[in-house]
Structure formats: C-alpha cells, structure tokens
$ cat final.cif   # mmCIF, C-alpha atoms
data_entry
loop_
_atom_site.label_atom_id
_atom_site.label_comp_id
_atom_site.auth_asym_id
_atom_site.auth_seq_id
_atom_site.Cartn_x
_atom_site.Cartn_y
_atom_site.Cartn_z
CA MET N 1 2.69 19.01 -25.93
CA PRO N 2 5.65 16.85 -27.01
CA SER N 3 8.36 15.91 -24.52
CA LYS N 4 11.24 17.43 -26.45
CA THR N 5 13.92 16.11 -24.08
CA ALA N 6 14.67 12.59 -22.89
CA ILE N 7 17.07 11.62 -20.12
CA LEU N 8 18.83 8.33 -20.93
CA VAL N 9 20.26 6.48 -17.92
CA VAL N 10 22.60 3.89 -19.41
CA ASP N 11 23.34 0.59 -17.64
CA ILE N 12 23.60 1.80 -14.05
CA GLN N 13 23.10 -1.74 -12.77
CA ASN N 14 24.11 -3.50 -9.58
CA SER N 15 27.05 -5.45 -11.00
CA LEU N 16 28.59 -2.30 -12.44
CA ALA N 17 27.67 0.18 -9.73
CA THR N 18 27.09 -1.41 -6.32
CA ASN N 19 28.75 -4.84 -6.07
CA PRO N 20 32.09 -4.32 -4.24
CA CYS N 21 33.72 -7.07 -6.29
CA THR N 22 32.68 -5.95 -9.76
CA LYS N 23 31.74 -2.27 -9.70
CA ILE N 24 33.70 0.40 -11.59
CA PRO N 25 36.17 2.40 -9.47
CA HIS N 26 34.12 5.61 -9.63
CA ALA N 27 30.74 3.97 -9.12
CA ALA N 28 29.99 6.10 -6.05
CA ARG N 29 30.57 9.29 -8.02
CA VAL N 30 28.31 8.18 -10.87
CA CYS N 31 25.58 7.04 -8.47
CA GLU N 32 25.74 10.27 -6.46
CA ALA N 33 25.47 12.25 -9.68
CA GLY N 34 22.59 10.10 -10.90
CA THR N 35 20.75 10.55 -7.61
CA SER N 36 20.98 14.33 -7.89
CA ILE N 37 20.13 14.42 -11.60
CA LEU N 38 17.02 12.30 -11.21
CA GLN N 39 15.94 13.99 -7.97
CA VAL N 40 16.01 17.43 -9.58
CA ALA N 41 14.36 16.22 -12.77
CA ARG N 42 11.58 14.51 -10.85
CA GLN N 43 10.99 17.56 -8.66
CA ILE N 44 10.69 19.69 -11.79
CA ARG N 45 8.26 17.21 -13.33
CA ASP N 46 6.09 17.09 -10.22
CA THR N 47 6.03 20.86 -9.87
CA ARG N 48 5.11 21.41 -13.51
CA VAL N 49 2.36 18.77 -13.48
CA ARG N 50 0.84 19.13 -10.01
CA GLU N 51 1.26 22.82 -9.25
CA HIS N 52 1.14 24.44 -12.68
CA SER N 53 -0.87 21.91 -14.73
CA LEU N 54 1.88 21.85 -17.34
CA PRO N 55 3.17 18.80 -19.21
CA PRO N 56 6.39 17.31 -17.79
CA GLY N 57 8.37 18.42 -20.84
CA PHE N 58 10.65 15.37 -20.77
CA ILE N 59 10.71 11.60 -20.40
CA THR N 60 13.24 9.32 -18.71
CA VAL N 61 14.47 6.08 -20.26
CA PHE N 62 16.44 3.55 -18.20
CA VAL N 63 18.62 1.36 -20.41
CA GLN N 64 19.27 -2.12 -19.00
CA HIS N 65 21.90 -4.46 -20.43
CA GLN N 66 21.38 -8.19 -20.29
CA GLU N 67 23.68 -11.13 -21.04
CA SER N 68 23.60 -14.89 -21.14
CA PRO N 69 25.29 -16.73 -18.22
CA GLU N 70 28.15 -17.55 -20.59
CA GLU N 71 28.68 -13.89 -21.46
CA GLY N 72 28.67 -12.24 -18.05
CA LEU N 73 26.87 -11.39 -14.83
CA LEU N 74 24.02 -9.26 -16.21
CA VAL N 75 21.61 -12.16 -16.53
CA PHE N 76 17.93 -11.30 -16.78
CA GLY N 77 16.16 -11.45 -13.42
CA THR N 78 19.30 -11.69 -11.28
CA ASP N 79 20.50 -9.17 -8.70
CA PRO N 80 23.59 -8.11 -10.71
CA TRP N 81 21.26 -7.26 -13.63
CA GLY N 82 18.99 -5.09 -11.48
CA LEU N 83 18.78 -1.32 -11.93
CA VAL N 84 20.22 0.93 -9.23
CA PHE N 85 17.69 3.67 -10.06
CA LYS N 86 14.12 2.43 -10.25
CA PRO N 87 11.65 3.89 -12.75
CA ARG N 88 8.60 5.54 -11.23
CA GLN N 89 5.22 4.04 -11.99
CA GLY N 90 1.81 5.66 -12.31
CA LEU N 91 2.91 9.18 -13.19
CA GLU N 92 0.09 11.50 -14.18
CA ASN N 93 1.53 12.31 -17.59
CA GLY N 94 3.29 9.14 -18.65
CA GLU N 95 5.70 6.80 -16.92
CA ASP N 96 9.43 6.31 -16.96
CA PHE N 97 10.49 3.72 -19.52
CA VAL N 98 12.88 0.75 -19.44
CA VAL N 99 14.60 -0.44 -22.62
CA ALA N 100 16.59 -3.67 -22.73
CA LYS N 101 19.64 -4.30 -24.88
CA SER N 102 22.25 -7.01 -25.39
CA VAL N 103 24.89 -5.05 -27.34
CA ARG N 104 26.59 -1.73 -26.68
CA THR N 105 24.20 0.75 -28.25
CA ALA N 106 20.73 1.17 -26.81
CA PHE N 107 19.56 2.00 -30.33
CA SER N 108 20.00 -1.67 -31.20
CA ASN N 109 16.54 -2.06 -29.65
CA PRO N 110 14.03 -0.38 -32.01
CA VAL N 111 11.71 0.17 -29.05
CA LEU N 112 13.94 3.02 -27.85
CA GLU N 113 13.61 5.08 -31.00
CA GLN N 114 9.90 4.27 -31.15
CA ILE N 115 9.39 5.67 -27.64
CA LEU N 116 11.41 8.79 -28.44
CA ARG N 117 9.57 9.48 -31.70
CA GLU N 118 6.15 8.89 -30.17
CA HIS N 119 6.92 11.48 -27.48
CA GLY N 120 8.30 14.07 -29.88
CA VAL N 121 11.79 13.90 -28.41
CA GLU N 122 14.44 15.89 -30.25
CA GLU N 123 17.31 15.98 -27.74
CA LEU N 124 18.82 13.46 -25.35
CA VAL N 125 20.67 13.96 -22.07
CA ILE N 126 22.85 10.91 -21.46
CA PHE N 127 24.83 9.51 -18.52
CA GLY N 128 25.76 6.09 -17.14
CA ILE N 129 28.21 3.20 -17.38
CA GLN N 130 30.60 2.31 -19.13
CA SER N 131 31.98 5.42 -20.79
CA GLU N 132 33.78 3.93 -23.80
CA CYS N 133 31.35 1.07 -24.26
CA CYS N 134 27.60 1.46 -23.90
CA VAL N 135 27.54 5.18 -23.11
CA GLU N 136 29.62 6.17 -26.13
CA ALA N 137 27.91 3.68 -28.45
CA THR N 138 24.51 4.99 -27.41
CA CYS N 139 25.67 8.57 -28.02
CA HIS N 140 26.79 7.67 -31.53
CA GLY N 141 23.58 5.74 -32.16
CA ALA N 142 21.55 8.76 -31.09
CA ILE N 143 23.53 11.09 -33.34
CA ASP N 144 23.12 8.71 -36.27
CA ALA N 145 19.36 8.71 -35.62
CA GLY N 146 19.27 12.50 -35.82
CA PHE N 147 18.95 13.45 -32.15
CA ALA N 148 20.81 16.31 -30.46
CA ILE N 149 22.97 15.01 -27.64
CA THR N 150 24.19 16.28 -24.29
CA LEU N 151 26.62 13.98 -22.46
CA LEU N 152 26.83 14.75 -18.74
CA SER N 153 30.49 14.94 -17.74
CA GLY N 154 31.21 13.53 -14.30
CA ALA N 155 28.13 11.30 -14.48
CA HIS N 156 29.70 8.55 -16.55
CA SER N 157 32.76 6.38 -15.98
CA THR N 158 34.33 2.98 -16.61
CA TYR N 159 37.01 0.46 -15.60
CA PRO N 160 40.71 1.31 -15.98
CA GLU N 161 42.71 0.02 -18.92
CA PRO N 162 46.39 -0.98 -18.85
CA GLU N 163 47.44 2.38 -20.30
CA ALA N 164 44.60 4.68 -19.21
CA ARG N 165 42.89 5.63 -15.98
CA PRO N 166 39.08 5.91 -15.95
CA GLU N 167 39.26 9.71 -15.94
CA GLU N 168 41.42 9.64 -19.07
CA ILE N 169 38.98 7.33 -20.83
CA GLU N 170 36.08 9.60 -19.84
CA ALA N 171 37.88 12.57 -21.40
CA GLN N 172 38.65 10.63 -24.57
CA VAL N 173 35.01 9.64 -24.96
CA GLU N 174 33.89 13.22 -24.41
CA ALA N 175 36.31 14.43 -27.08
CA ARG N 176 35.07 11.87 -29.59
CA VAL N 177 31.37 12.61 -29.15
CA ARG N 178 32.03 16.35 -29.10
CA ALA N 179 33.81 15.96 -32.44
CA ARG N 180 30.55 14.56 -33.82
CA GLY N 181 28.56 17.58 -32.68
CA ALA N 182 27.47 16.51 -29.21
CA THR N 183 27.42 18.92 -26.29
CA VAL N 184 29.43 17.88 -23.22
CA VAL N 185 28.62 19.67 -19.96
CA ARG N 186 29.31 19.05 -16.29
CA TRP N 187 26.27 17.42 -14.77
CA GLU N 188 26.24 19.99 -11.97
CA ASP N 189 25.99 22.81 -14.51
CA ALA N 190 23.15 21.09 -16.34
CA VAL N 191 21.17 20.58 -13.15
CA GLU N 192 21.74 24.19 -12.14
CA VAL N 193 20.23 25.34 -15.45
CA TRP N 194 17.24 23.02 -14.97
CA GLU N 195 16.59 24.39 -11.49
CA LYS N 196 16.84 28.01 -12.62
CA LYS N 197 14.51 27.53 -15.58
CA GLY N 198 12.18 24.99 -14.01
CA GLN N 199 12.58 22.74 -17.00
CA VAL N 200 14.75 19.82 -18.07
CA LEU N 201 16.60 21.02 -21.15
CA GLY N 202 18.87 19.50 -23.73
CA PRO N 203 21.97 21.10 -25.30
CA TYR N 204 23.65 23.95 -23.42
CA GLN N 205 25.59 25.60 -26.23
#
$ encode --input "final.cif" --output "structure tokens"
Amino acid sequence: MPSKTAILVVDIQNSLATNPCTKIPHAARVCEAGTSILQVARQIRDTRVREHSLPPGFITVFVQHQESPEEGLLVFGTDPWGLVFKPRQGLENGEDFVVAKSVRTAFSNPVLEQILREHGVEELVIFGIQSECCVEATCHGAIDAGFAITLLSGAHSTYPEPEARPEEIEAQVEARVRARGATVVRWEDAVEVWEKKGQVLGPYQ
C-alpha cells in the first residue's frame, strides 16, 4: 500500500537549533515540537507494523542543508551541519530518508521528488527552520510539484529581522502558503488527530 503522507523535517541542524551562539531564538520550541511530532509518528508506525501487520502509511524525510566554508557553517561532515533528529535505520517497512540541498527549496534535489513518487506520497506535513527561507521555499516547491501541503504552526521559526520578530515572520509565512492552498494547523492539533486515528494524516481541512 502506498505511503500517502510524508513528514518533511526541514534543516533542523545543530548550527540553527542547538549551538548557543548561532541558533534561532525559538530553537527550543521547535525542537520540543519536533521531538513530540516524531515520537508520536514513530509510535504510530511501530504499532501499525508490529501489532497490526499494517503498512506504516507514511514516510519521513529529513532535509539537510549544506554549504561551502565560504558560504556558512553548514559544511558537510561538521558538527554544525549535523541533524538534531536522527533518521531511524532498519525499519521493517522502509527507512527514514535524508535529502541534501544547497539552496532554499528541498525540491532543488530531484531525489526528494523521486522518493515521494516512488512511495505514492500525495500530501506533505512540513516543519523546521528557517520559516521564511527553506521552510517556505520547500512549501512552494511542493505545491508547484502538485502535492497537498500541511505546514505545522508552532513547529517552525527563524531569526528576527530589523522590523519583524520571529513570531511575526512565522505568521507572514503561514499567510502566504495558505494563500496558495496549503493547510496551516497547530502542530499540537495535528498530533492529537494522529493519536486519535492511529494514523499520520495530511491536510486537516
């Protein structure tokens, strides 16, 4: 059975989320949300596969940005580049996936769309860092590719700008992707639906 839903975890990397000198102001909030989202999703997957002999029903893709030393800190193989959330290996019905990128949208790497198409994915649940950069660009790339999108509010954030706080930028991003037909839902509400239905689902319209 196809995995109709994919969770995309965008650029939650050490430099952006754990390094005290370089992390975004709301890194703790994003990481706490990510921990809960992935914990619930993985529990659902394990229950479906091990206890009910059902397919997982979703896949998880970790997007990992990389730069040259001249461009920034996210240099391949370094600690700042490392993922905060590690993909699980050796799952009974497929593994988590990692997709690299060097520009804002994860769809710049054709491997991402190939993985999604091969697994029959139709809808994406997206969260991560930074809201107005790689998260938003990946949302638009997904919409352009024909996928239904759910952006998890409260589970993405960014750095402040001179005239806007991170929370304001988050809201602006959510308004822009919603205007293109995306669903925006609080991550807590999404997880609550998953737990009630025993399945990781996409849009909550």
$ resolve_selection --input "final.cif" --expression "the PyMOL selection byres ((chain N and resi 102-119) around 7)" --output "list in words"
Pro2, Ser3, Val63, His65, Gln66, Glu67, Val99, Lys101, Gly120, Val121, Cys133, Cys134, Ala137, Thr138 and Gly141 of chain N
$ residues_around --input "final.cif" --residues "Gln64 in chain N" --least-positions-apart "2" --cutoff "8 Å" --atoms "only C-alpha atoms" --output "PyMOL selection string"
chain N and resi 10-13+62+66+81+83+98-101
$ residues_around --input "final.cif" --residues "Ala171 in chain N" --least-positions-apart "6" --cutoff "12 Å" --atoms "only C-alpha atoms" --output "PyMOL selection string"
chain N and resi 131-132+136+151-154+156-158+164-165+177-178+184-186
$ closest_residue --input "final.cif" --among "N:Tyr159, N:Asn14, N:Ile24, N:Arg180" --to "Thr78 in chain N" --atoms "all atoms listed in the file"
N:Asn14
$ residues_around --input "final.cif" --residues "range 41-52 of chain N" --least-positions-apart "3" --cutoff "7 Å" --atoms "all atoms listed in the file" --output "count of residues only"
7
$ closest_residue --input "final.cif" --among "N:Ala17, N:Ile126, N:Val9, N:Ala142" --to "Lys86 in chain N" --atoms "all atoms listed in the file"
N:Val9
$ residues_around --input "final.cif" --residues "Asn19 in chain N" --least-positions-apart "3" --cutoff "12 Å" --atoms "only C-alpha atoms" --output "MDAnalysis selection string"
chainID N and resid 12:16 22:25 27:28 73 79:82 84
$ atom_distance --input "final.cif" --atom1 "CA of Gly146 in chain N" --atom2 "CA of Ile169 in chain N"
25.3 Å
$ closest_residue --input "final.cif" --among "N:Ile149, N:Leu54, N:Val135, N:Leu74" --to "Ala6 in chain N" --atoms "all atoms listed in the file"
N:Ile149
$ atom_distance --input "final.cif" --atom1 "CA of Glu167 in chain N" --atom2 "CA of Ala145 in chain N"
28.0 Å
$ atom_distance --input "final.cif" --atom1 "CA of Gln130 in chain N" --atom2 "CA of Glu161 in chain N"
12.3 Å
$ residues_around --input "final.cif" --residues "Thr150 in chain N" --least-positions-apart "3" --cutoff "6 Å" --atoms "all atoms listed in the file" --output "number ranges by chain"
N: 125, 182-184, 203
$ closest_residue --input "final.cif" --among "N:Ala155, N:Cys139, N:Phe85, N:Pro20" --to "Gln39 in chain N" --atoms "only C-alpha atoms"
N:Phe85
$ build_atoms --input "final.cif" --residues "range 125-151 of chain N" --atoms "N, CA and C atoms" --output "PDB file, in the frame of the given file"
ATOM      1  N   VAL N 125      19.674  13.714 -23.111  1.00  0.00           N
ATOM      2  CA  VAL N 125      20.670  13.960 -22.070  1.00  0.00           C
ATOM      3  C   VAL N 125      21.092  12.593 -21.553  1.00  0.00           C
ATOM      4  N   ILE N 126      22.389  12.282 -21.663  1.00  0.00           N
ATOM      5  CA  ILE N 126      22.850  10.910 -21.460  1.00  0.00           C
ATOM      6  C   ILE N 126      23.900  10.850 -20.343  1.00  0.00           C
ATOM      7  N   PHE N 127      23.788   9.822 -19.492  1.00  0.00           N
ATOM      8  CA  PHE N 127      24.830   9.510 -18.520  1.00  0.00           C
ATOM      9  C   PHE N 127      24.743   8.047 -18.162  1.00  0.00           C
ATOM     10  N   GLY N 128      25.805   7.498 -17.528  1.00  0.00           N
ATOM     11  CA  GLY N 128      25.760   6.090 -17.140  1.00  0.00           C
ATOM     12  C   GLY N 128      27.101   5.404 -17.191  1.00  0.00           C
ATOM     13  N   ILE N 129      27.058   4.099 -17.426  1.00  0.00           N
ATOM     14  CA  ILE N 129      28.210   3.200 -17.380  1.00  0.00           C
ATOM     15  C   ILE N 129      28.157   2.269 -18.623  1.00  0.00           C
ATOM     16  N   GLN N 130      29.225   1.906 -19.240  1.00  0.00           N
ATOM     17  CA  GLN N 130      30.600   2.310 -19.130  1.00  0.00           C
ATOM     18  C   GLN N 130      30.883   3.349 -20.201  1.00  0.00           C
ATOM     19  N   SER N 131      31.762   4.275 -19.915  1.00  0.00           N
ATOM     20  CA  SER N 131      31.980   5.420 -20.790  1.00  0.00           C
ATOM     21  C   SER N 131      32.279   5.039 -22.226  1.00  0.00           C
ATOM     22  N   GLU N 132      33.316   4.224 -22.450  1.00  0.00           N
ATOM     23  CA  GLU N 132      33.780   3.930 -23.800  1.00  0.00           C
ATOM     24  C   GLU N 132      33.027   2.787 -24.457  1.00  0.00           C
ATOM     25  N   CYS N 133      32.129   2.196 -23.719  1.00  0.00           N
ATOM     26  CA  CYS N 133      31.350   1.070 -24.260  1.00  0.00           C
ATOM     27  C   CYS N 133      29.924   1.522 -24.548  1.00  0.00           C
ATOM     28  N   CYS N 134      29.014   1.237 -23.634  1.00  0.00           N
ATOM     29  CA  CYS N 134      27.600   1.460 -23.900  1.00  0.00           C
ATOM     30  C   CYS N 134      27.201   2.930 -23.911  1.00  0.00           C
ATOM     31  N   VAL N 135      27.866   3.751 -23.096  1.00  0.00           N
ATOM     32  CA  VAL N 135      27.540   5.180 -23.110  1.00  0.00           C
ATOM     33  C   VAL N 135      27.936   5.794 -24.448  1.00  0.00           C
ATOM     34  N   GLU N 136      29.171   5.583 -24.869  1.00  0.00           N
ATOM     35  CA  GLU N 136      29.620   6.170 -26.130  1.00  0.00           C
ATOM     36  C   GLU N 136      28.850   5.599 -27.315  1.00  0.00           C
ATOM     37  N   ALA N 137      28.639   4.287 -27.336  1.00  0.00           N
ATOM     38  CA  ALA N 137      27.910   3.680 -28.450  1.00  0.00           C
ATOM     39  C   ALA N 137      26.490   4.216 -28.548  1.00  0.00           C
ATOM     40  N   THR N 138      25.863   4.432 -27.405  1.00  0.00           N
ATOM     41  CA  THR N 138      24.510   4.990 -27.410  1.00  0.00           C
ATOM     42  C   THR N 138      24.519   6.439 -27.886  1.00  0.00           C
ATOM     43  N   CYS N 139      25.541   7.198 -27.521  1.00  0.00           N
ATOM     44  CA  CYS N 139      25.670   8.570 -28.020  1.00  0.00           C
ATOM     45  C   CYS N 139      25.771   8.572 -29.544  1.00  0.00           C
ATOM     46  N   HIS N 140      26.627   7.719 -30.079  1.00  0.00           N
ATOM     47  CA  HIS N 140      26.790   7.670 -31.530  1.00  0.00           C
ATOM     48  C   HIS N 140      25.512   7.186 -32.208  1.00  0.00           C
ATOM     49  N   GLY N 141      24.844   6.207 -31.598  1.00  0.00           N
ATOM     50  CA  GLY N 141      23.580   5.740 -32.160  1.00  0.00           C
ATOM     51  C   GLY N 141      22.537   6.828 -32.196  1.00  0.00           C
ATOM     52  N   ALA N 142      22.505   7.646 -31.144  1.00  0.00           N
ATOM     53  CA  ALA N 142      21.550   8.760 -31.090  1.00  0.00           C
ATOM     54  C   ALA N 142      21.860   9.801 -32.156  1.00  0.00           C
ATOM     55  N   ILE N 143      23.139  10.123 -32.324  1.00  0.00           N
ATOM     56  CA  ILE N 143      23.530  11.090 -33.340  1.00  0.00           C
ATOM     57  C   ILE N 143      23.177  10.574 -34.731  1.00  0.00           C
ATOM     58  N   ASP N 144      23.454   9.309 -34.973  1.00  0.00           N
ATOM     59  CA  ASP N 144      23.120   8.710 -36.270  1.00  0.00           C
ATOM     60  C   ASP N 144      21.624   8.757 -36.534  1.00  0.00           C
ATOM     61  N   ALA N 145      20.821   8.682 -35.477  1.00  0.00           N
ATOM     62  CA  ALA N 145      19.360   8.710 -35.620  1.00  0.00           C
ATOM     63  C   ALA N 145      18.811  10.127 -35.724  1.00  0.00           C
ATOM     64  N   GLY N 146      19.695  11.127 -35.619  1.00  0.00           N
ATOM     65  CA  GLY N 146      19.270  12.500 -35.820  1.00  0.00           C
ATOM     66  C   GLY N 146      18.913  13.282 -34.564  1.00  0.00           C
ATOM     67  N   PHE N 147      19.247  12.748 -33.395  1.00  0.00           N
ATOM     68  CA  PHE N 147      18.950  13.450 -32.150  1.00  0.00           C
ATOM     69  C   PHE N 147      20.108  14.356 -31.750  1.00  0.00           C
ATOM     70  N   ALA N 148      19.798  15.475 -31.099  1.00  0.00           N
ATOM     71  CA  ALA N 148      20.810  16.310 -30.460  1.00  0.00           C
ATOM     72  C   ALA N 148      21.188  15.665 -29.137  1.00  0.00           C
ATOM     73  N   ILE N 149      22.466  15.752 -28.796  1.00  0.00           N
ATOM     74  CA  ILE N 149      22.970  15.010 -27.640  1.00  0.00           C
ATOM     75  C   ILE N 149      23.669  15.928 -26.654  1.00  0.00           C
ATOM     76  N   THR N 150      23.389  15.714 -25.366  1.00  0.00           N
ATOM     77  CA  THR N 150      24.190  16.280 -24.290  1.00  0.00           C
ATOM     78  C   THR N 150      24.690  15.122 -23.425  1.00  0.00           C
ATOM     79  N   LEU N 151      26.001  14.971 -23.336  1.00  0.00           N
ATOM     80  CA  LEU N 151      26.620  13.980 -22.460  1.00  0.00           C
ATOM     81  C   LEU N 151      27.016  14.678 -21.168  1.00  0.00           C
TER      82      LEU N 151
END
